[in-house]
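What's in query.cif: mmCIF, C-alpha atoms
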data_start
loop_
_atom_site.group_PDB
_atom_site.id
_atom_site.type_symbol
_atom_site.label_atom_id
_atom_site.label_comp_id
_atom_site.auth_asym_id
_atom_site.auth_seq_id
_atom_site.Cartn_x
_atom_site.Cartn_y
_atom_site.Cartn_z
ATOM 1 C CA MET A 1 0.000 0.000 0.000
ATOM 2 C CA ILE A 2 2.736 2.442 0.895
ATOM 3 C CA TRP A 3 4.588 1.785 -2.375
ATOM 4 C CA ARG A 4 1.435 2.601 -4.293
ATOM 5 C CA TYR A 5 1.142 5.824 -2.316
ATOM 6 C CA ILE A 6 4.787 6.740 -3.065
ATOM 7 C CA LEU A 7 4.453 6.004 -6.792
ATOM 8 C CA LYS A 8 1.265 8.056 -6.969
ATOM 9 C CA ARG A 9 2.987 11.026 -5.343
ATOM 10 C CA ILE A 10 5.992 10.713 -7.657
ATOM 11 C CA PHE A 11 3.686 10.608 -10.673
ATOM 12 C CA TRP A 12 2.048 13.882 -9.625
ATOM 13 C CA MET A 13 5.463 15.485 -9.210
ATOM 14 C CA ILE A 14 6.013 15.456 -12.987
ATOM 15 C CA PRO A 15 3.221 17.868 -14.059
ATOM 16 C CA PHE A 16 3.889 20.013 -10.998
ATOM 17 C CA LEU A 17 7.564 20.480 -11.915
ATOM 18 C CA PHE A 18 6.569 21.199 -15.524
ATOM 19 C CA ALA A 19 4.199 23.939 -14.340
ATOM 20 C CA VAL A 20 6.926 25.297 -12.053
ATOM 21 C CA SER A 21 9.360 25.429 -14.964
ATOM 22 C CA VAL A 22 6.905 27.541 -16.981
ATOM 23 C CA VAL A 23 6.236 29.927 -14.097
ATOM 24 C CA ALA A 24 9.947 30.167 -13.253
ATOM 25 C CA PHE A 25 10.893 30.994 -16.819
ATOM 26 C CA LEU A 26 8.200 33.662 -17.096
ATOM 27 C CA LEU A 27 9.156 35.228 -13.758
ATOM 28 C CA ILE A 28 12.811 35.420 -14.759
ATOM 29 C CA GLN A 29 11.811 37.070 -18.026
ATOM 30 C CA ALA A 30 9.329 39.442 -16.349
ATOM 31 C CA PRO A 31 11.767 42.301 -15.509
ATOM 32 C CA PRO A 32 12.377 44.653 -18.442
ATOM 33 C CA GLY A 33 15.370 43.815 -20.601
ATOM 34 C CA ASP A 34 17.526 40.714 -20.414
ATOM 35 C CA TYR A 35 21.076 39.693 -19.547
ATOM 36 C CA LEU A 36 22.487 41.625 -22.492
ATOM 37 C CA THR A 37 20.743 44.794 -21.321
ATOM 38 C CA THR A 38 22.298 44.364 -17.869
ATOM 39 C CA TYR A 39 25.693 43.629 -19.408
ATOM 40 C CA ILE A 40 25.614 46.764 -21.566
ATOM 41 C CA ALA A 41 24.581 48.838 -18.519
ATOM 42 C CA LYS A 42 27.593 47.532 -16.586
ATOM 43 C CA LEU A 43 29.884 48.422 -19.456
ATOM 44 C CA GLY A 44 28.393 51.917 -19.508
ATOM 45 C CA GLU A 45 29.277 52.362 -15.845
ATOM 46 C CA SER A 46 32.941 51.859 -16.741
ATOM 47 C CA ASN A 47 32.690 54.141 -19.817
ATOM 48 C CA GLU A 48 32.808 51.240 -22.278
ATOM 49 C CA THR A 49 30.410 50.840 -25.168
ATOM 50 C CA LEU A 50 29.395 48.233 -27.726
ATOM 51 C CA ASP A 51 28.422 48.979 -31.279
ATOM 52 C CA GLN A 52 25.103 47.730 -32.583
ATOM 53 C CA ALA A 53 26.706 44.971 -34.643
ATOM 54 C CA SER A 54 28.406 43.537 -31.546
ATOM 55 C CA VAL A 55 25.152 43.756 -29.619
ATOM 56 C CA ASP A 56 23.281 41.902 -32.377
ATOM 57 C CA ASN A 57 25.985 39.210 -32.521
ATOM 58 C CA LEU A 58 25.837 38.699 -28.778
ATOM 59 C CA ARG A 59 22.048 38.570 -28.807
ATOM 60 C CA GLN A 60 22.146 35.928 -31.524
ATOM 61 C CA ARG A 61 24.904 34.006 -29.751
ATOM 62 C CA PHE A 62 22.940 33.854 -26.507
ATOM 63 C CA GLY A 63 19.690 33.041 -28.321
ATOM 64 C CA LEU A 64 18.019 36.169 -26.953
ATOM 65 C CA ASP A 65 16.783 37.194 -30.406
ATOM 66 C CA GLN A 66 14.276 34.316 -30.459
ATOM 67 C CA PRO A 67 10.699 34.402 -29.133
ATOM 68 C CA LEU A 68 10.176 33.457 -25.495
ATOM 69 C CA TYR A 69 8.367 30.201 -26.252
ATOM 70 C CA ILE A 70 11.280 29.004 -28.406
ATOM 71 C CA GLN A 71 13.770 29.954 -25.683
ATOM 72 C CA TYR A 72 11.668 28.058 -23.153
ATOM 73 C CA PHE A 73 11.320 24.874 -25.194
ATOM 74 C CA LYS A 74 15.034 24.849 -25.970
ATOM 75 C CA TRP A 75 15.771 25.197 -22.269
ATOM 76 C CA VAL A 76 13.329 22.446 -21.248
ATOM 77 C CA SER A 77 14.522 20.059 -23.977
ATOM 78 C CA ARG A 78 18.072 20.425 -22.656
ATOM 79 C CA LEU A 79 16.905 19.822 -19.110
ATOM 80 C CA LEU A 80 15.414 16.478 -20.133
ATOM 81 C CA VAL A 81 18.895 15.233 -21.081
ATOM 82 C CA GLY A 82 20.578 16.773 -18.050
ATOM 83 C CA ASP A 83 21.950 19.884 -19.793
ATOM 84 C CA PHE A 84 21.213 23.066 -17.830
ATOM 85 C CA GLY A 85 22.746 25.291 -20.485
ATOM 86 C CA MET A 86 25.564 27.825 -20.279
ATOM 87 C CA SER A 87 25.700 30.680 -17.821
ATOM 88 C CA PHE A 88 25.824 34.018 -19.652
ATOM 89 C CA GLU A 89 27.779 35.777 -16.919
ATOM 90 C CA TRP A 90 30.198 33.052 -15.886
ATOM 91 C CA ARG A 91 30.698 31.486 -19.332
ATOM 92 C CA GLN A 92 30.570 28.047 -17.724
ATOM 93 C CA PRO A 93 28.082 25.174 -17.808
ATOM 94 C CA VAL A 94 25.319 25.847 -15.307
ATOM 95 C CA SER A 95 25.565 22.301 -13.948
ATOM 96 C CA GLU A 96 29.175 22.880 -12.853
ATOM 97 C CA LEU A 97 28.296 26.138 -11.097
ATOM 98 C CA VAL A 98 25.242 24.703 -9.385
ATOM 99 C CA TRP A 99 26.653 21.420 -8.154
ATOM 100 C CA SER A 100 29.870 23.009 -6.914
ATOM 101 C CA ARG A 101 27.756 25.090 -4.528
ATOM 102 C CA MET A 102 24.981 22.599 -3.773
ATOM 103 C CA MET A 103 27.145 20.035 -1.978
ATOM 104 C CA LEU A 104 28.221 22.559 0.653
ATOM 105 C CA THR A 105 24.709 24.026 0.752
ATOM 106 C CA LEU A 106 23.084 20.653 1.437
ATOM 107 C CA CYS A 107 25.757 19.831 4.019
ATOM 108 C CA LEU A 108 25.038 23.085 5.824
ATOM 109 C CA SER A 109 21.272 22.610 5.513
ATOM 110 C CA MET A 110 21.374 19.090 6.964
ATOM 111 C CA ALA A 111 23.590 20.207 9.842
ATOM 112 C CA ALA A 112 21.254 23.136 10.600
ATOM 113 C CA LEU A 113 18.226 20.831 10.440
ATOM 114 C CA LEU A 114 19.797 18.328 12.861
ATOM 115 C CA PHE A 115 20.775 21.174 15.181
ATOM 116 C CA THR A 116 17.210 22.503 15.100
ATOM 117 C CA TRP A 117 15.681 19.141 15.962
ATOM 118 C CA ALA A 118 18.272 18.273 18.605
ATOM 119 C CA VAL A 119 17.682 21.541 20.476
ATOM 120 C CA ALA A 120 13.971 22.154 19.883
ATOM 121 C CA PHE A 121 12.729 18.655 20.773
ATOM 122 C CA PRO A 122 13.966 18.335 24.382
ATOM 123 C CA ILE A 123 13.307 21.991 25.222
ATOM 124 C CA GLY A 124 9.794 21.838 23.755
ATOM 125 C CA VAL A 125 8.970 18.667 25.683
ATOM 126 C CA TYR A 126 10.386 20.099 28.904
ATOM 127 C CA SER A 127 8.426 23.356 28.512
ATOM 128 C CA ALA A 128 5.181 21.444 28.030
ATOM 129 C CA VAL A 129 5.707 18.976 30.874
ATOM 130 C CA LYS A 130 6.981 21.673 33.259
ATOM 131 C CA LYS A 131 4.635 24.419 32.133
ATOM 132 C CA TYR A 132 4.773 27.708 34.032
ATOM 133 C CA SER A 133 7.985 26.674 35.760
ATOM 134 C CA VAL A 134 11.139 28.780 35.844
ATOM 135 C CA GLY A 135 12.650 26.629 33.080
ATOM 136 C CA ASP A 136 9.536 27.093 30.941
ATOM 137 C CA TYR A 137 9.686 30.884 31.327
ATOM 138 C CA VAL A 138 13.407 30.900 30.482
ATOM 139 C CA ALA A 139 12.842 28.760 27.376
ATOM 140 C CA THR A 140 9.913 30.955 26.320
ATOM 141 C CA THR A 141 11.944 34.145 26.737
ATOM 142 C CA ILE A 142 14.890 32.753 24.773
ATOM 143 C CA GLY A 143 12.481 31.503 22.099
ATOM 144 C CA PHE A 144 10.925 34.931 21.638
ATOM 145 C CA ILE A 145 14.375 36.503 21.432
ATOM 146 C CA GLY A 146 15.380 33.927 18.824
ATOM 147 C CA LEU A 147 12.278 34.656 16.750
ATOM 148 C CA ALA A 148 12.795 38.418 16.957
ATOM 149 C CA THR A 149 16.520 38.475 16.129
ATOM 150 C CA PRO A 150 17.341 38.572 12.393
ATOM 151 C CA ASN A 151 19.811 35.908 11.289
ATOM 152 C CA PHE A 152 22.253 38.386 9.780
ATOM 153 C CA LEU A 153 22.356 40.405 13.033
ATOM 154 C CA LEU A 154 23.052 37.273 15.048
ATOM 155 C CA ALA A 155 25.787 36.401 12.552
ATOM 156 C CA LEU A 156 27.456 39.783 13.047
ATOM 157 C CA ILE A 157 27.294 39.419 16.842
ATOM 158 C CA LEU A 158 28.788 35.910 16.816
ATOM 159 C CA MET A 159 31.488 36.973 14.369
ATOM 160 C CA TYR A 160 32.463 39.836 16.669
ATOM 161 C CA VAL A 161 32.537 37.572 19.728
ATOM 162 C CA GLY A 162 34.525 34.913 17.883
ATOM 163 C CA VAL A 163 37.175 37.325 16.610
ATOM 164 C CA VAL A 164 37.507 39.599 19.650
ATOM 165 C CA TYR A 165 37.226 37.105 22.493
ATOM 166 C CA PHE A 166 38.319 33.797 20.962
ATOM 167 C CA GLY A 167 40.583 34.900 18.136
ATOM 168 C CA THR A 168 39.040 32.419 15.697
ATOM 169 C CA ASP A 169 38.536 32.703 11.942
ATOM 170 C CA VAL A 170 34.765 32.962 11.500
ATOM 171 C CA GLY A 171 34.443 33.892 7.817
ATOM 172 C CA GLY A 172 33.564 31.284 5.204
ATOM 173 C CA LEU A 173 33.571 27.522 5.603
ATOM 174 C CA PHE A 174 37.291 26.874 5.121
ATOM 175 C CA SER A 175 40.623 28.314 6.143
ATOM 176 C CA ASP A 176 42.718 29.978 3.440
ATOM 177 C CA GLU A 177 44.902 26.911 2.872
ATOM 178 C CA TYR A 178 41.895 24.650 2.268
ATOM 179 C CA LYS A 179 39.644 26.887 0.124
ATOM 180 C CA ASN A 180 40.889 25.575 -3.235
ATOM 181 C CA ALA A 181 42.484 22.360 -1.987
ATOM 182 C CA PRO A 182 41.078 18.945 -2.962
ATOM 183 C CA TRP A 183 39.002 17.093 -0.414
ATOM 184 C CA SER A 184 40.989 15.371 2.329
ATOM 185 C CA TRP A 185 40.604 14.489 5.993
ATOM 186 C CA GLY A 186 42.257 17.775 6.949
ATOM 187 C CA LYS A 187 39.809 19.766 4.815
ATOM 188 C CA PHE A 188 36.869 17.889 6.322
ATOM 189 C CA VAL A 189 38.063 18.657 9.861
ATOM 190 C CA ASP A 190 38.574 22.287 8.869
ATOM 191 C CA LEU A 191 34.986 22.390 7.559
ATOM 192 C CA LEU A 192 33.692 21.105 10.888
ATOM 193 C CA LYS A 193 35.630 23.824 12.715
ATOM 194 C CA HIS A 194 33.924 26.524 10.638
ATOM 195 C CA LEU A 195 30.495 24.892 10.379
ATOM 196 C CA TRP A 196 29.250 25.638 13.883
ATOM 197 C CA LEU A 197 28.748 29.373 13.340
ATOM 198 C CA PRO A 198 26.452 29.220 10.263
ATOM 199 C CA VAL A 199 24.623 26.235 11.759
ATOM 200 C CA VAL A 200 23.819 28.165 14.932
ATOM 201 C CA VAL A 201 22.846 31.285 12.984
ATOM 202 C CA LEU A 202 20.620 29.492 10.491
ATOM 203 C CA GLY A 203 19.080 27.156 13.067
ATOM 204 C CA THR A 204 18.227 29.706 15.751
ATOM 205 C CA SER A 205 14.978 31.099 14.369
ATOM 206 C CA ALA A 206 13.727 27.673 13.251
ATOM 207 C CA THR A 207 14.606 26.221 16.655
ATOM 208 C CA ALA A 208 12.719 28.959 18.490
ATOM 209 C CA SER A 209 9.682 28.437 16.276
ATOM 210 C CA LEU A 210 9.652 24.658 16.707
ATOM 211 C CA ILE A 211 10.009 24.958 20.491
ATOM 212 C CA ARG A 212 6.799 26.979 20.605
ATOM 213 C CA ILE A 213 4.995 24.587 18.237
ATOM 214 C CA MET A 214 6.151 21.502 20.146
ATOM 215 C CA ARG A 215 5.118 23.009 23.464
ATOM 216 C CA ALA A 216 1.659 24.008 22.228
ATOM 217 C CA ASN A 217 0.948 20.650 20.568
ATOM 218 C CA LEU A 218 2.178 18.615 23.518
ATOM 219 C CA LEU A 219 0.124 20.670 25.966
ATOM 220 C CA ASP A 220 -2.985 19.861 23.916
ATOM 221 C CA GLU A 221 -2.164 16.139 23.922
ATOM 222 C CA LEU A 222 -1.422 15.984 27.653
ATOM 223 C CA GLU A 223 -4.957 17.163 28.396
ATOM 224 C CA LYS A 224 -6.642 14.354 26.429
ATOM 225 C CA PRO A 225 -8.374 11.388 28.130
ATOM 226 C CA TYR A 226 -6.072 8.693 26.733
ATOM 227 C CA VAL A 227 -3.191 10.172 28.739
ATOM 228 C CA ASP A 228 -5.176 9.815 31.981
ATOM 229 C CA THR A 229 -6.125 6.280 30.982
ATOM 230 C CA ALA A 230 -2.511 5.298 30.350
ATOM 231 C CA ARG A 231 -1.466 6.901 33.630
ATOM 232 C CA ALA A 232 -4.179 4.964 35.487
ATOM 233 C CA LYS A 233 -2.809 1.694 34.071
ATOM 234 C CA GLY A 234 0.415 2.339 35.912
ATOM 235 C CA LEU A 235 2.749 3.435 33.121
ATOM 236 C CA SER A 236 5.719 5.470 34.272
ATOM 237 C CA GLU A 237 5.399 9.166 33.530
ATOM 238 C CA PHE A 238 8.442 9.234 31.245
ATOM 239 C CA TRP A 239 7.404 6.339 29.031
ATOM 240 C CA LEU A 240 3.792 7.475 29.013
ATOM 241 C CA ILE A 241 4.765 10.909 27.670
ATOM 242 C CA MET A 242 7.290 9.613 25.141
ATOM 243 C CA LYS A 243 5.151 6.755 23.788
ATOM 244 C CA TYR A 244 1.841 8.503 23.231
ATOM 245 C CA PRO A 245 1.502 12.319 23.339
ATOM 246 C CA VAL A 246 5.041 13.083 22.149
ATOM 247 C CA ARG A 247 4.619 10.766 19.188
ATOM 248 C CA VAL A 248 1.541 12.698 18.076
ATOM 249 C CA ALA A 249 3.094 16.086 18.816
ATOM 250 C CA LEU A 250 6.091 15.216 16.623
ATOM 251 C CA ASN A 251 4.083 15.891 13.469
ATOM 252 C CA PRO A 252 5.334 19.505 13.106
ATOM 253 C CA PHE A 253 8.929 18.300 13.171
ATOM 254 C CA ILE A 254 8.259 15.904 10.327
ATOM 255 C CA SER A 255 6.263 18.485 8.387
ATOM 256 C CA THR A 256 9.160 20.955 8.380
ATOM 257 C CA ILE A 257 11.185 18.765 6.011
ATOM 258 C CA GLY A 258 9.111 20.038 3.100
ATOM 259 C CA TRP A 259 10.101 23.675 3.527
ATOM 260 C CA VAL A 260 13.282 23.755 5.580
ATOM 261 C CA LEU A 261 15.609 22.660 2.743
ATOM 262 C CA PRO A 262 14.622 25.319 0.176
ATOM 263 C CA ASN A 263 14.240 27.878 2.972
ATOM 264 C CA LEU A 264 17.801 27.308 4.194
ATOM 265 C CA ILE A 265 19.088 27.648 0.629
ATOM 266 C CA SER A 266 17.088 30.649 -0.572
ATOM 267 C CA GLY A 267 16.056 32.332 2.663
ATOM 268 C CA ALA A 268 19.568 32.710 4.095
ATOM 269 C CA VAL A 269 21.068 34.740 1.269
ATOM 270 C CA VAL A 270 21.858 37.763 3.442
ATOM 271 C CA THR A 271 23.352 35.541 6.145
ATOM 272 C CA ALA A 272 25.485 33.730 3.577
ATOM 273 C CA ILE A 273 26.771 37.055 2.231
ATOM 274 C CA VAL A 274 27.569 38.308 5.757
ATOM 275 C CA LEU A 275 29.422 35.107 6.644
ATOM 276 C CA SER A 276 31.069 34.795 3.180
ATOM 277 C CA LEU A 277 29.644 31.306 2.703
ATOM 278 C CA PRO A 278 30.324 29.621 -0.681
ATOM 279 C CA THR A 279 26.743 28.338 -0.856
ATOM 280 C CA ALA A 280 23.998 28.531 -3.451
ATOM 281 C CA GLY A 281 22.187 31.585 -2.053
ATOM 282 C CA PRO A 282 24.632 34.347 -3.085
ATOM 283 C CA LEU A 283 25.125 32.812 -6.534
ATOM 284 C CA MET A 284 21.361 32.606 -7.079
ATOM 285 C CA LEU A 285 20.981 36.256 -6.041
ATOM 286 C CA GLN A 286 23.690 37.311 -8.485
ATOM 287 C CA ALA A 287 22.048 35.302 -11.265
ATOM 288 C CA LEU A 288 18.711 37.012 -10.627
ATOM 289 C CA LEU A 289 20.262 40.482 -10.525
ATOM 290 C CA SER A 290 22.125 39.958 -13.793
ATOM 291 C CA GLN A 291 19.148 38.149 -15.406
ATOM 292 C CA ASP A 292 21.307 35.128 -16.156
ATOM 293 C CA MET A 293 18.190 33.141 -16.995
ATOM 294 C CA TYR A 294 19.692 29.651 -17.338
ATOM 295 C CA LEU A 295 21.536 29.852 -14.017
ATOM 296 C CA ALA A 296 18.616 31.484 -12.199
ATOM 297 C CA GLY A 297 16.151 29.034 -13.749
ATOM 298 C CA ALA A 298 18.270 26.074 -12.637
ATOM 299 C CA PHE A 299 18.220 27.322 -9.054
ATOM 300 C CA VAL A 300 14.467 27.941 -9.088
ATOM 301 C CA LEU A 301 13.812 24.451 -10.434
ATOM 302 C CA LEU A 302 16.216 22.952 -7.928
ATOM 303 C CA LEU A 303 14.499 24.685 -5.027
ATOM 304 C CA SER A 304 11.116 23.543 -6.320
ATOM 305 C CA SER A 305 12.394 19.980 -6.639
ATOM 306 C CA LEU A 306 13.759 20.071 -3.096
ATOM 307 C CA THR A 307 10.407 21.335 -1.867
ATOM 308 C CA VAL A 308 8.507 18.542 -3.610
ATOM 309 C CA ILE A 309 10.973 15.874 -2.466
ATOM 310 C CA GLY A 310 10.914 17.219 1.079
ATOM 311 C CA MET A 311 7.107 17.179 1.114
ATOM 312 C CA LEU A 312 7.125 13.601 -0.186
ATOM 313 C CA ILE A 313 9.538 12.505 2.547
ATOM 314 C CA SER A 314 7.551 14.277 5.253
ATOM 315 C CA ASP A 315 4.258 12.784 4.040
ATOM 316 C CA ILE A 316 5.719 9.275 4.043
ATOM 317 C CA LEU A 317 7.116 9.728 7.547
ATOM 318 C CA LEU A 318 3.814 11.142 8.767
ATOM 319 C CA VAL A 319 1.957 8.109 7.423
ATOM 320 C CA LEU A 320 4.388 5.787 9.201
ATOM 321 C CA LEU A 321 4.427 7.812 12.428
ATOM 322 C CA ASP A 322 0.794 8.796 12.889
ATOM 323 C CA PRO A 323 -1.866 6.100 12.373
ATOM 324 C CA ARG A 324 -4.503 8.825 11.987
ATOM 325 C CA VAL A 325 -3.018 9.789 8.616
ATOM 326 C CA LYS A 326 -4.410 7.689 5.794
ATOM 327 C CA TYR A 327 -2.802 6.780 2.460
ATOM 328 C CA GLU A 328 -5.678 8.367 0.604
#
This entry written out as C-alpha cells:
Amino acid sequence: MIWRYILKRIFWMIPFLFAVSVVAFLLIQAPPGDYLTTYIAKLGESNETLDQASVDNLRQRFGLDQPLYIQYFKWVSRLLVGDFGMSFEWRQPVSELVWSRMMLTLCLSMAALLFTWAVAFPIGVYSAVKKYSVGDYVATTIGFIGLATPNFLLALILMYVGVVYFGTDVGGLFSDEYKNAPWSWGKFVDLLKHLWLPVVVLGTSATASLIRIMRANLLDELEKPYVDTARAKGLSEFWLIMKYPVRVALNPFISTIGWVLPNLISGAVVTAIVLSLPTAGPLMLQALLSQDMYLAGAFVLLLSSLTVIGMLISDILLVLLDPRVKYE
C-alpha cells in the first residue's frame, strides 16, 4: 500500500515540476530587458560601449533574439537530457556552477536541520511537561528573542565575539589553505571547525519556532483522556509521555522537512553574504540580478524539486508515524 502511495505522489510530481518550470521561466523574463541589457549597462558604468553589430551578434549568440516560447522549449529540452545550459555571466556550464555550490549548501542545511531538531525537541517537551515553571519561562523568553533576532544580526554578533574574544577565523567555511584544496581528511576537519557558526545562525529562528509549536501541541495532547487512561494503568510518567503524546506532537517536526531545505538555501542569502559562505544563495541572487536566466532558472527548479521531495519525505514519515493519517 505504501509503495502505491509513493508512486502516486511521484507521478504527480512530474506535471507540478513542468508547471513550475513555466512559471519560473516567465518570472525570470518578467523584468524589463535581459542579460544583455544588464551587461551593456555595466559596461556603460565603466565608460565602455558596444556597437550595434556587436550587440546583435551577442544577442544571436545567446539566443536572446528568439521568441520566449522558443527559448523556453530549448531550455526544457536540454533539461530532459541533463543539460542546464551555459551561464551568460560566468561562461561556464550551469551544472558545474550549481553542483559546486549545492554540496556545501546541502551539508550546511542538513547540519542546521539536525541542530534545530536536537535543540527544539527536548526543550519543547520540557516546557510542556513543566509548564509555568522557571525553566519554561526561560525557554519561552529565549524563544521569543530567537524569533525576533534577524539571522544576519546574530551572525554579526557571533562573528564579533569569535574574533575579539576567541581569536578564531569565522568567515567562510574553510581556512585559506583549504579553500581551493582537494578534499581530504584535513579539509573535512577544517569544515567542521567553521560549520558551527552558520549552523547556529541558520538554526536559531527555526529552533525557536519549533520549540513553541512543540510546546503548544504537547500541551494539547497531555490534556486528552487517553493520557489519563494510560497513567491509570500504571505506566511510568516518562514512558507514558514519550510513547503517546510526544509521538503525536512530533508531526510539526516531520512536516518541516518540506520547507526547511529550500528555505535554508534561498532564505539565508543575506546571512550567507555576511558570513562569506560559498553556498547557493549568493550565486542565485547574483544570477537574478544579472538576469542570467539559465543559471537562475536552474536554481528555481532545484528549489522547487527540493520542496517537492521534502514534502514527499515528510508525508511518508507522517503516514508511518501517525496512524490517523491515511494513504488516501
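Among the candidate residues A:Leu192, A:Leu320, A:Leu68, A:Leu113, the one lying nearest to Ile28 of chain A is A:Leu68, with distances computed using only C-alpha atoms.
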>> I'd like the neighbourhood of segment 96-98 of chain A as an MDAnalysis selection string, where a residue qualifies if any of its atoms comes within 10 Å (using only C-alpha atoms), though same-chain residues fewer than 5 positions away should be ignored.
In response: chainID A and resid 84 86:87 90 103 279:280 283:284 295:296 298:299 302
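What separates atom CA of His194 of chain A from atom CA of Thr207 of chain A is a distance of 20.2 Å.
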> Which residues match the PyMOL selection byres ((chain A and resi 222-232) around 9) in the file above, as a PyMOL selection string?
Replying inline: chain A and resi 128-129+217-221+233-237+240-241+244-246
>> Please determine, counting all atoms listed in the file, which residue among A:Ala120, A:Val55, A:Val300, A:Met159 has the shortest atom-to-atom distance to Val22 of chain A.
In response: A:Val300
> Hey, can you pull every residue with an atom no more than 12 Å from (25.5, 35.2, 19.0), using all atoms listed in the file, and send it as an MDAnalysis selection string?
Replying inline: chainID A and resid 145:146 149:162 196:204
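Residue nearest Arg59 of chain A within the list A:Ile40, A:Met102, A:Leu114, A:Met214: A:Ile40 [criterion: smallest interatomic distance, all atoms listed in the file].
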>> the PyMOL selection byres ((chain A and resi 278) around 10) - which residues does that actually catch in the file I just gave you? List them as a ChimeraX atom specification.
In response: /A:100-102,104-105,172-174,179,272-273,275-277,279-283
> Evaluating the PyMOL selection byres ((chain A and resi 37) around 12) on the displayed file yields which residues, as a ChimeraX atom specification?
Replying inline: /A:31-36,38-44,50,55-56,58-59,64,289-292
> Interatomic distance between atom CA of Asp190 of chain A and atom CA of Val274 of chain A?
Replying inline: 19.7 Å
For Asp315 of chain A, please output as a short mmCIF file (atom, residue, chain, number, x, y, z; two decimals) with C-alpha atoms, in the frame of the given file all residues within 10 Å (counting all atoms listed in the file; exclusion window: fewer than 2 positions along the same chain).
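What ended up in part07.cif:
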data_model
loop_
_atom_site.label_atom_id
_atom_site.label_comp_id
_atom_site.auth_asym_id
_atom_site.auth_seq_id
_atom_site.Cartn_x
_atom_site.Cartn_y
_atom_site.Cartn_z
CA TYR A 5 1.14 5.82 -2.32
CA ILE A 6 4.79 6.74 -3.06
CA ARG A 9 2.99 11.03 -5.34
CA ASN A 251 4.08 15.89 13.47
CA ILE A 254 8.26 15.90 10.33
CA SER A 255 6.26 18.48 8.39
CA ILE A 257 11.18 18.76 6.01
CA GLY A 258 9.11 20.04 3.10
CA ILE A 309 10.97 15.87 -2.47
CA GLY A 310 10.91 17.22 1.08
CA MET A 311 7.11 17.18 1.11
CA LEU A 312 7.12 13.60 -0.19
CA ILE A 313 9.54 12.50 2.55
CA LEU A 317 7.12 9.73 7.55
CA LEU A 318 3.81 11.14 8.77
CA VAL A 319 1.96 8.11 7.42
CA LEU A 320 4.39 5.79 9.20
CA LEU A 321 4.43 7.81 12.43
CA VAL A 325 -3.02 9.79 8.62
CA TYR A 327 -2.80 6.78 2.46
#
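Put simply, atom CA of Lys74 of chain A is 24.8 Å away from atom CA of Ile10 of chain A.
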Around all listed atoms of segment 177-184 of chain A, padded 4 Å per side, what centre and edge lengths does the axis-aligned box have in Å to one decimal, as JSON?
{"center_x": 42.0, "center_y": 21.1, "center_z": -0.2, "size_x": 13.9, "size_y": 19.5, "size_z": 14.1}
